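See below for the structure under consideration.
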Amino acid sequence: MRAQLKTIYEKLYSHFGPQHWWPASTAFEVMLGAILTQNTNWSNVEKAIDNLKKHKLLKPHKLKNLSAKKLAALIRPAGYYNIKAKRLKNFLDFLFGNFKGSLKAMTLKNTPALRQELLSVNGVGPETADSILLYALKKPIFVIDAYTKRILLRHNLIEEDTGYTEIQDLFMQNLKRSVRLFNEYHALLVKLGKDYCLKNKPKCEICPLK
DNA sequence: CACCAGGCAAGTA
DNA sequence: TACTTGCATGGT
């Protein structure tokens with residue numbers, strides 16, 4: 001498994017090249033994007049973030065002072081806008097409640113404990129928490145998403161009932177614990193998924209891993 | 001028209 | 001515990 005995971009990464013990197021994730025200019029923007037992109041196309045998330053940017057709301061204190069109602073209207077293009085407005089507010093409550101709104105304070109906390117705290121926020125599940133840890137806070141945590149599972153499934157590397165943590169352990173226990181590697185590997189898996197491993201339109205016969 | 005996207009929580013039995 | 005459903009816009 002260790003050798004296979006390394007080989008897959010090398011094939012993906014040489015085929016697609018660097019993906020330059022996460023597409024955001026600040027850590028806070030990454031965190032918002034992590035919630036907004038839940039089951040949602042990234043292009044829609046960009047529209048929502050652009051709206052926030054236009055209104056100069058991409059700062060913890062600014063967003064904190066915005067009603068969920070107004071926030072929902074601004075993030076409308078991202079879909080699920082009512083529930084995502086609440087989830088963003090829940091996250092902001094957590095950020096201010098535990099870290100006084102300081103991302104620096106947040107990153108000083110030890111990673112396992114912080115991950116548990118993130119998971120306790122309503123609206124933050126394992127993928128969102130891990131995206132925040134890896135892409136916003138630069139912690140060596142591997143992010144698992146639907147594409148990752150589907151790709152491993154189609155290559156017979158896991159079973160259908162394999163859970164999030166189990167898949168995550170596969171990567172984390174068989175790869176060098178590197179933020180750079182985890183960042184690029186996950187991004188490359190998403191790229192492969194979008195191009196060749198869609199739900200009902202798999203292009204397995206021409207997948208670059210073959 | 002149908003299908004899907006870088007999930008998660010709540011409801012049901 | 002194990003399934004199912006709701007959330008919603010925008011691109012293909």
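By order of appearance in the structure tokens: chains A, B, ..., then residues from 1 within every chain, and ligands from 1 in the order shown.
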*Residues of chain A within 7 Å of chain B, using only C-alpha atoms (C1' of nucleotides), as a ChimeraX atom specification?*
/A:37-41,123,125,145,190
field: Residues of chain C within 12 Å of chain A, counting only C-alpha atoms (C1' of nucleotides), as a list in words
entry: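 Interface list for chain C against chain A: DG6, DC7, DA8, DT9, DG10 and DG11 of chain C.
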Within region 76-146 of chain A, find each residue whose DSSP state, derived from the backbone, is helix (DSSP H, G or I), and express the selection as a PyMOL selection string. chain A and resi 76-78+81-99+103-108+111-119+126-136+146
Separation of CA of Pro140 (chain A) from CA of Arg180 (chain A) in Å: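 Going from CA of Arg180 (chain A) over to CA of Pro140 (chain A), I get 8.3 Å.
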